[in-house]
Amino acid sequence: MVAVAILASFVAFLDGSVVNLALPAISSDLGGGLATQQWVVDAYLLALGALILVAGSVSDAFGRLPVLRVGLVVFGLASVACAAAPTDLTLIAARGLQGVGAALLVPSSLALINAAVSPDDQPKAIGTWTAWTGTAFVIGPLLGGVLVDALNWRWIFAVNVIPVVVTLWLATRVTEPAHGGGRSRIDVPGAVLAAVGLAGTVYALIEQQRLGLSDPAVLVALIAGVACLGVLAWRETHTDHPMIPVAMFRIRNFGVGNLATVFVYAGVSMGTLVTALYLQEVAGLSALLAGVATLPVPVLSFFIARPVGALSARFGPRLFMALGPMVAGIGFLLMLTTGEQLAFWWQMLPGLIVFGVGLAITVTPLTSAILGAVDRDQSGIGSAINNAVSRIAGLVAIACTGIVVGGVLDTSAFHRTALVTAVLFILGGVVAAVGIRNSDHRDDRVAPDTAAKCFDRAGAPPTARRG
């Protein structure tokens, strides 16, 4: 059971860690420029962000193992469609379908462990899950670079078929333990409003670069998107079974922590995307060398995040949540030294290392503060909300990247993006410094399975504690 859960999540994490490296090759082959690159990333995040909040309810309603199998099939078929995509629009649609599959995979895989393993053994099982799935963020840049350079960008999607088939075969040999509780209610209207609202808003942000804000399609999409998000906000306060329990945001550390998440993960998404593009399209590195260049970020997180988590549990999360994003921001400020002729070792590498250290300091205390603010029986929905907040923050940040870049990525555009990214990180640190209270934190409320759900989105390995 644990092997099935690990492989299912590993597939989704591996795919997410290699796509940025393939974007230059994709746009060179299919055309579309920066807008296509944005959509290839955002189509996936859009489906994932819109569905992640209801994925747990779907899993509870229809069974974790059946939902996981469906997620694997959807993800596998979508990967084949991505690999075979003849046009940029086909690829973007297939990436959205991949996001649907991923939204079903990750929550279901952790729910399987939660149901199949005794409470005493859960920390160890989750530790095993996090250790193995975390390797995807180290393997991904290397594998992606090799596939793009030696073969073709299509292979980064085609390679998903092998672990998907293996996992499906293993999933047929296990049975799901019975789980108690009534049939969960799925907030379908809420999910639809979220999907339409996000899609309309993101479409307007990306396409206004090409068509202009006065274009009827852009204007209608923006108005419809904002209106749907407004209706969603109203509905979630007037339904007995909300997708987003708004009352939870009144809990200080939960609300402040999620606000900090918005800034931090907007910075992560915008910064890592433009860095990967800059290293290839402007600095002229191959996909493999660009992947190797960015390895300090996941490697540092792999070694630093766990001891930082232990220190956060001992001294409280506030200092780490304030310091970590500011350090990450300083990392991007250091990248402002890049010139027209990139000297990677002293213009880019120091900033990447400092960014990696800052991110490693941030992630575990941030998750711990958010989940430690709510009762343990609410940690599941708390984790899902924080995960969705981070996805949506990244979604919007990537949609805004073209506005910051200005249509053409060059050294000046990279400098602007690095500066905006640094400001986002620093704002996240300021929010945490002002708003987080160590006195409100209860580390014993943080269930390891729900903590693990919050670590699959930053390109940093999960760090849920082992028993």
# chains A, B, ... in the order shown; residues from 1 in each chain; ligands from 1
>>> select_by_dssp(residues="region 178-387 of chain A", states="helix (DSSP H, G or I)", output="JSON, numbers by chain")
{"A": [188, 189, 190, 191, 192, 193, 194, 195, 196, 197, 198, 199, 200, 201, 202, 203, 204, 205, 206, 207, 208, 209, 210, 211, 216, 217, 218, 219, 220, 221, 222, 223, 224, 225, 226, 227, 228, 229, 230, 231, 232, 233, 234, 235, 236, 246, 247, 248, 249, 250, 252, 253, 254, 255, 256, 257, 258, 259, 260, 261, 262, 263, 264, 265, 266, 267, 268, 269, 270, 271, 272, 273, 274, 275, 276, 277, 278, 279, 280, 281, 282, 287, 288, 289, 290, 291, 292, 293, 296, 297, 298, 299, 300, 301, 302, 303, 304, 305, 306, 307, 308, 309, 310, 311, 312, 313, 314, 315, 318, 319, 320, 321, 322, 323, 324, 325, 326, 327, 328, 329, 330, 331, 332, 333, 334, 335, 336, 337, 344, 345, 346, 347, 349, 350, 351, 352, 353, 354, 355, 356, 357, 358, 359, 360, 361, 362, 363, 364, 365, 366, 367, 368, 369, 370, 371, 376, 377, 378, 379, 380, 381, 382, 383, 384, 385, 386, 387]}
>>> closest_atom_pairs(of="region 231-296 of chain A", to="region 396-412 of chain A", cutoff="12 Å", atoms="only C-alpha atoms", output="tab-separated table")
residue	atom	partner	partner_atom	distance
A:Val262	CA	A:Ala397	CA	9.5
A:Phe263	CA	A:Ala397	CA	9.4
A:Val264	CA	A:Ala397	CA	10.6
A:Tyr265	CA	A:Ala397	CA	8.5
A:Ala266	CA	A:Ala397	CA	5.1
A:Gly267	CA	A:Ala397	CA	7.5
A:Val268	CA	A:Ala397	CA	9.1
A:Ser269	CA	A:Ile398	CA	6.5
A:Met270	CA	A:Ile398	CA	5.5
A:Gly271	CA	A:Ile398	CA	9.2
A:Thr272	CA	A:Ile398	CA	10.0
A:Leu273	CA	A:Ile398	CA	7.8
A:Val274	CA	A:Thr401	CA	8.1
A:Thr275	CA	A:Leu409	CA	10.5
A:Ala276	CA	A:Leu409	CA	11.5
A:Leu277	CA	A:Leu409	CA	8.2
A:Tyr278	CA	A:Leu409	CA	7.2
A:Leu279	CA	A:Thr411	CA	10.3
A:Gln280	CA	A:Leu409	CA	10.8
A:Glu281	CA	A:Leu409	CA	7.9
A:Val282	CA	A:Asp410	CA	6.1
A:Ala283	CA	A:Thr411	CA	8.8
A:Gly284	CA	A:Asp410	CA	11.5
>>> residues_around(residues="Pro325 (chain A)", least_positions_apart="4", cutoff="8 Å", atoms="only C-alpha atoms", output="VMD selection string")
chain A and resid 264 321 329 358 to 359 361 to 362 425 to 426 428 to 429
>>> residues_around(residues="Ala93 (chain A)", least_positions_apart="2", cutoff="12 Å", atoms="only C-alpha atoms", output="PDB file with N, CA and C atoms, in the first residue's frame")
ATOM      1  N   THR A  36       2.645  30.980 -24.512  1.00  0.00           N
ATOM      2  CA  THR A  36       2.519  29.520 -24.523  1.00  0.00           C
ATOM      3  C   THR A  36       3.224  28.912 -23.322  1.00  0.00           C
ATOM      4  N   TRP A  39       1.075  29.348 -20.313  1.00  0.00           N
ATOM      5  CA  TRP A  39      -0.100  28.488 -20.324  1.00  0.00           C
ATOM      6  C   TRP A  39       0.255  27.022 -20.062  1.00  0.00           C
ATOM      7  N   VAL A  40       1.405  26.569 -20.528  1.00  0.00           N
ATOM      8  CA  VAL A  40       1.807  25.184 -20.280  1.00  0.00           C
ATOM      9  C   VAL A  40       1.925  24.926 -18.778  1.00  0.00           C
ATOM     10  N   VAL A  41       2.414  25.908 -18.047  1.00  0.00           N
ATOM     11  CA  VAL A  41       2.506  25.776 -16.592  1.00  0.00           C
ATOM     12  C   VAL A  41       1.159  26.032 -15.930  1.00  0.00           C
ATOM     13  N   ASP A  42       0.480  27.094 -16.350  1.00  0.00           N
ATOM     14  CA  ASP A  42      -0.734  27.512 -15.654  1.00  0.00           C
ATOM     15  C   ASP A  42      -1.934  26.602 -15.921  1.00  0.00           C
ATOM     16  N   ALA A  43      -1.995  25.950 -17.073  1.00  0.00           N
ATOM     17  CA  ALA A  43      -3.109  25.031 -17.325  1.00  0.00           C
ATOM     18  C   ALA A  43      -3.111  23.911 -16.289  1.00  0.00           C
ATOM     19  N   TYR A  44      -1.926  23.417 -15.973  1.00  0.00           N
ATOM     20  CA  TYR A  44      -1.781  22.380 -14.949  1.00  0.00           C
ATOM     21  C   TYR A  44      -2.166  22.915 -13.572  1.00  0.00           C
ATOM     22  N   LEU A  46      -3.986  25.477 -12.876  1.00  0.00           N
ATOM     23  CA  LEU A  46      -5.384  25.877 -12.843  1.00  0.00           C
ATOM     24  C   LEU A  46      -6.276  24.709 -12.448  1.00  0.00           C
ATOM     25  N   ALA A  47      -6.106  23.570 -13.110  1.00  0.00           N
ATOM     26  CA  ALA A  47      -6.899  22.386 -12.774  1.00  0.00           C
ATOM     27  C   ALA A  47      -6.596  21.909 -11.370  1.00  0.00           C
ATOM     28  N   ALA A  78      -3.207  11.735 -20.174  1.00  0.00           N
ATOM     29  CA  ALA A  78      -2.859  13.135 -20.426  1.00  0.00           C
ATOM     30  C   ALA A  78      -1.382  13.278 -20.779  1.00  0.00           C
ATOM     31  N   SER A  79      -0.525  12.484 -20.141  1.00  0.00           N
ATOM     32  CA  SER A  79       0.905  12.524 -20.449  1.00  0.00           C
ATOM     33  C   SER A  79       1.165  12.097 -21.885  1.00  0.00           C
ATOM     34  N   ALA A  81      -0.993  12.364 -24.317  1.00  0.00           N
ATOM     35  CA  ALA A  81      -1.506  13.459 -25.144  1.00  0.00           C
ATOM     36  C   ALA A  81      -0.515  14.622 -25.190  1.00  0.00           C
ATOM     37  N   CYS A  82       0.137  14.917 -24.053  1.00  0.00           N
ATOM     38  CA  CYS A  82       1.162  15.968 -24.040  1.00  0.00           C
ATOM     39  C   CYS A  82       2.318  15.603 -24.966  1.00  0.00           C
ATOM     40  N   ALA A  85       1.271  15.994 -28.620  1.00  0.00           N
ATOM     41  CA  ALA A  85       0.559  17.222 -28.976  1.00  0.00           C
ATOM     42  C   ALA A  85       1.107  17.854 -30.254  1.00  0.00           C
ATOM     43  N   PRO A  86       0.256  18.037 -31.264  1.00  0.00           N
ATOM     44  CA  PRO A  86       0.725  18.630 -32.522  1.00  0.00           C
ATOM     45  C   PRO A  86       0.774  20.160 -32.481  1.00  0.00           C
ATOM     46  N   THR A  87       0.031  20.764 -31.554  1.00  0.00           N
ATOM     47  CA  THR A  87      -0.021  22.227 -31.477  1.00  0.00           C
ATOM     48  C   THR A  87       0.085  22.664 -30.028  1.00  0.00           C
ATOM     49  N   ASP A  88       0.340  23.957 -29.848  1.00  0.00           N
ATOM     50  CA  ASP A  88       0.432  24.483 -28.492  1.00  0.00           C
ATOM     51  C   ASP A  88      -0.906  24.386 -27.760  1.00  0.00           C
ATOM     52  N   LEU A  89      -2.013  24.607 -28.461  1.00  0.00           N
ATOM     53  CA  LEU A  89      -3.327  24.520 -27.810  1.00  0.00           C
ATOM     54  C   LEU A  89      -3.629  23.101 -27.336  1.00  0.00           C
ATOM     55  N   THR A  90      -3.240  22.115 -28.126  1.00  0.00           N
ATOM     56  CA  THR A  90      -3.434  20.725 -27.721  1.00  0.00           C
ATOM     57  C   THR A  90      -2.615  20.408 -26.482  1.00  0.00           C
ATOM     58  N   LEU A  91      -1.378  20.868 -26.454  1.00  0.00           N
ATOM     59  CA  LEU A  91      -0.524  20.642 -25.293  1.00  0.00           C
ATOM     60  C   LEU A  91      -1.104  21.300 -24.052  1.00  0.00           C
ATOM     61  N   ARG A  95      -2.206  19.450 -20.659  1.00  0.00           N
ATOM     62  CA  ARG A  95      -1.638  19.818 -19.355  1.00  0.00           C
ATOM     63  C   ARG A  95      -2.731  20.067 -18.330  1.00  0.00           C
ATOM     64  N   GLY A  96      -3.845  20.664 -18.764  1.00  0.00           N
ATOM     65  CA  GLY A  96      -4.966  20.826 -17.845  1.00  0.00           C
ATOM     66  C   GLY A  96      -5.496  19.486 -17.373  1.00  0.00           C
ATOM     67  N   LEU A  97      -5.571  18.523 -18.293  1.00  0.00           N
ATOM     68  CA  LEU A  97      -6.023  17.182 -17.928  1.00  0.00           C
ATOM     69  C   LEU A  97      -5.040  16.517 -16.968  1.00  0.00           C
ATOM     70  N   GLN A  98      -3.755  16.767 -17.159  1.00  0.00           N
ATOM     71  CA  GLN A  98      -2.755  16.272 -16.214  1.00  0.00           C
ATOM     72  C   GLN A  98      -3.015  16.825 -14.811  1.00  0.00           C
ATOM     73  N   GLY A  99      -3.381  18.085 -14.742  1.00  0.00           N
ATOM     74  CA  GLY A  99      -3.676  18.693 -13.443  1.00  0.00           C
ATOM     75  C   GLY A  99      -4.847  18.032 -12.756  1.00  0.00           C
ATOM     76  N   VAL A 100      -5.862  17.624 -13.539  1.00  0.00           N
ATOM     77  CA  VAL A 100      -6.999  16.891 -12.972  1.00  0.00           C
ATOM     78  C   VAL A 100      -6.512  15.574 -12.373  1.00  0.00           C
TER      79      VAL A 100
END
>>> closest_residue(among="A:Gln209, A:Gly49, A:Val246, A:Thr172", to="Ala191 (chain A)", atoms="only C-alpha atoms")
A:Gly49
>>> closest_residue(among="A:Ile52, A:Leu222, A:Val146, A:Val292", to="Ala204 (chain A)", atoms="only C-alpha atoms")
A:Leu222
>>> decode(residues="region 207-354 of chain A", atoms="C-alpha atoms", output="short mmCIF file (atom, residue, chain, number, x, y, z; two decimals), in the first residue's frame")
data_model
loop_
_atom_site.label_atom_id
_atom_site.label_comp_id
_atom_site.auth_asym_id
_atom_site.auth_seq_id
_atom_site.Cartn_x
_atom_site.Cartn_y
_atom_site.Cartn_z
CA GLU A 207 -3.71 37.24 -23.07
CA GLN A 208 -3.84 40.98 -22.37
CA GLN A 209 -0.11 41.00 -23.17
CA ARG A 210 -0.95 39.98 -26.74
CA LEU A 211 -4.46 41.35 -27.30
CA GLY A 212 -4.63 44.29 -24.91
CA LEU A 213 -6.97 44.84 -22.00
CA SER A 214 -9.58 46.51 -24.23
CA ASP A 215 -10.01 43.37 -26.36
CA PRO A 216 -13.59 42.06 -25.87
CA ALA A 217 -12.45 38.48 -25.13
CA VAL A 218 -9.98 39.66 -22.50
CA LEU A 219 -12.42 42.11 -20.94
CA VAL A 220 -15.29 39.59 -20.79
CA ALA A 221 -13.00 36.91 -19.34
CA LEU A 222 -11.74 39.29 -16.65
CA ILE A 223 -15.23 40.44 -15.66
CA ALA A 224 -16.62 36.89 -15.66
CA GLY A 225 -13.65 35.57 -13.71
CA VAL A 226 -13.79 38.23 -11.01
CA ALA A 227 -17.58 37.88 -10.79
CA CYS A 228 -17.36 34.11 -10.31
CA LEU A 229 -14.74 34.51 -7.61
CA GLY A 230 -16.99 37.07 -5.90
CA VAL A 231 -19.97 34.70 -6.04
CA LEU A 232 -17.72 31.92 -4.68
CA ALA A 233 -16.73 34.08 -1.72
CA TRP A 234 -20.41 34.82 -1.00
CA ARG A 235 -21.48 31.20 -1.42
CA GLU A 236 -18.82 29.82 0.90
CA THR A 237 -20.27 31.91 3.74
CA HIS A 238 -23.87 30.85 2.99
CA THR A 239 -23.71 27.07 2.60
CA ASP A 240 -23.77 24.29 5.17
CA HIS A 241 -20.99 22.38 3.41
CA PRO A 242 -18.48 24.96 2.16
CA MET A 243 -15.48 23.98 0.10
CA ILE A 244 -13.56 26.69 1.96
CA PRO A 245 -14.55 27.11 5.65
CA VAL A 246 -14.07 30.87 5.78
CA ALA A 247 -14.30 30.90 9.58
CA MET A 248 -10.92 29.17 9.78
CA PHE A 249 -9.26 32.32 8.44
CA ARG A 250 -10.32 34.15 11.60
CA ILE A 251 -7.79 32.04 13.52
CA ARG A 252 -4.81 34.37 13.61
CA ASN A 253 -1.92 32.07 12.71
CA PHE A 254 -3.99 30.26 10.08
CA GLY A 255 -5.07 33.46 8.36
CA VAL A 256 -1.68 35.17 8.59
CA GLY A 257 0.13 31.99 7.57
CA ASN A 258 -1.96 31.67 4.43
CA LEU A 259 -1.41 35.35 3.61
CA ALA A 260 2.33 34.76 3.93
CA THR A 261 1.89 31.69 1.72
CA VAL A 262 0.44 33.89 -1.04
CA PHE A 263 3.57 36.07 -1.18
CA VAL A 264 6.08 33.24 -0.66
CA TYR A 265 4.69 30.88 -3.29
CA ALA A 266 4.02 33.67 -5.76
CA GLY A 267 7.73 34.41 -5.43
CA VAL A 268 8.70 30.74 -5.76
CA SER A 269 6.65 30.25 -8.92
CA MET A 270 7.62 33.46 -10.69
CA GLY A 271 11.27 33.26 -9.67
CA THR A 272 11.90 29.62 -10.59
CA LEU A 273 10.07 29.91 -13.91
CA VAL A 274 11.97 32.96 -15.13
CA THR A 275 15.30 31.65 -13.81
CA ALA A 276 14.90 28.42 -15.81
CA LEU A 277 13.96 30.40 -18.93
CA TYR A 278 16.76 32.94 -18.48
CA LEU A 279 19.47 30.31 -18.06
CA GLN A 280 18.49 28.73 -21.38
CA GLU A 281 17.07 31.49 -23.58
CA VAL A 282 19.41 34.33 -22.57
CA ALA A 283 22.48 32.74 -20.98
CA GLY A 284 22.51 29.94 -23.56
CA LEU A 285 22.82 26.95 -21.21
CA SER A 286 21.50 23.58 -22.31
CA ALA A 287 18.48 22.12 -20.53
CA LEU A 288 20.75 19.72 -18.64
CA LEU A 289 23.12 22.45 -17.47
CA ALA A 290 20.17 24.63 -16.47
CA GLY A 291 18.82 21.74 -14.43
CA VAL A 292 22.19 21.20 -12.76
CA ALA A 293 22.44 24.94 -12.10
CA THR A 294 19.19 24.97 -10.13
CA LEU A 295 19.95 21.80 -8.14
CA PRO A 296 21.20 23.73 -5.06
CA VAL A 297 17.58 24.67 -4.24
CA PRO A 298 16.14 21.14 -3.73
CA VAL A 299 19.42 19.73 -2.39
CA LEU A 300 19.68 22.41 0.30
CA SER A 301 16.04 21.88 1.22
CA PHE A 302 16.65 18.14 1.48
CA PHE A 303 19.37 18.65 4.10
CA ILE A 304 18.22 21.80 5.91
CA ALA A 305 14.42 21.61 6.12
CA ARG A 306 14.22 18.77 8.65
CA PRO A 307 16.53 20.29 11.33
CA VAL A 308 14.83 23.65 10.81
CA GLY A 309 11.50 21.93 11.45
CA ALA A 310 12.84 20.57 14.74
CA LEU A 311 14.08 24.03 15.77
CA SER A 312 10.74 25.56 14.80
CA ALA A 313 8.92 23.04 16.98
CA ARG A 314 11.17 23.98 19.89
CA PHE A 315 11.30 27.77 19.57
CA GLY A 316 8.14 28.55 17.60
CA PRO A 317 7.68 29.30 13.88
CA ARG A 318 7.64 33.11 13.88
CA LEU A 319 11.40 33.77 13.59
CA PHE A 320 11.85 31.18 10.83
CA MET A 321 8.78 32.33 8.88
CA ALA A 322 10.07 35.92 9.03
CA LEU A 323 13.75 35.18 8.36
CA GLY A 324 13.39 32.49 5.68
CA PRO A 325 11.48 34.51 3.05
CA MET A 326 13.74 37.51 3.59
CA VAL A 327 16.82 35.34 3.02
CA ALA A 328 15.17 33.93 -0.14
CA GLY A 329 14.48 37.50 -1.27
CA ILE A 330 18.13 38.45 -0.72
CA GLY A 331 19.03 35.50 -2.95
CA PHE A 332 17.13 37.06 -5.85
CA LEU A 333 18.60 40.49 -5.10
CA LEU A 334 22.04 38.91 -5.50
CA MET A 335 21.00 37.77 -8.98
CA LEU A 336 20.72 41.42 -10.01
CA THR A 337 24.49 41.28 -10.57
CA THR A 338 23.95 39.22 -13.74
CA GLY A 339 25.27 40.91 -16.85
CA GLU A 340 24.81 40.52 -20.58
CA GLN A 341 27.55 37.88 -20.50
CA LEU A 342 26.56 35.63 -17.60
CA ALA A 343 29.34 34.62 -15.23
CA PHE A 344 27.34 31.89 -13.53
CA TRP A 345 29.69 31.01 -10.69
CA TRP A 346 29.69 34.43 -9.04
CA GLN A 347 26.66 36.18 -10.57
CA MET A 348 24.00 33.46 -10.35
CA LEU A 349 25.14 30.58 -8.11
CA PRO A 350 25.45 32.62 -4.87
CA GLY A 351 21.90 33.89 -5.30
CA LEU A 352 20.55 30.39 -5.99
CA ILE A 353 22.28 29.06 -2.86
CA VAL A 354 20.94 31.87 -0.67
#
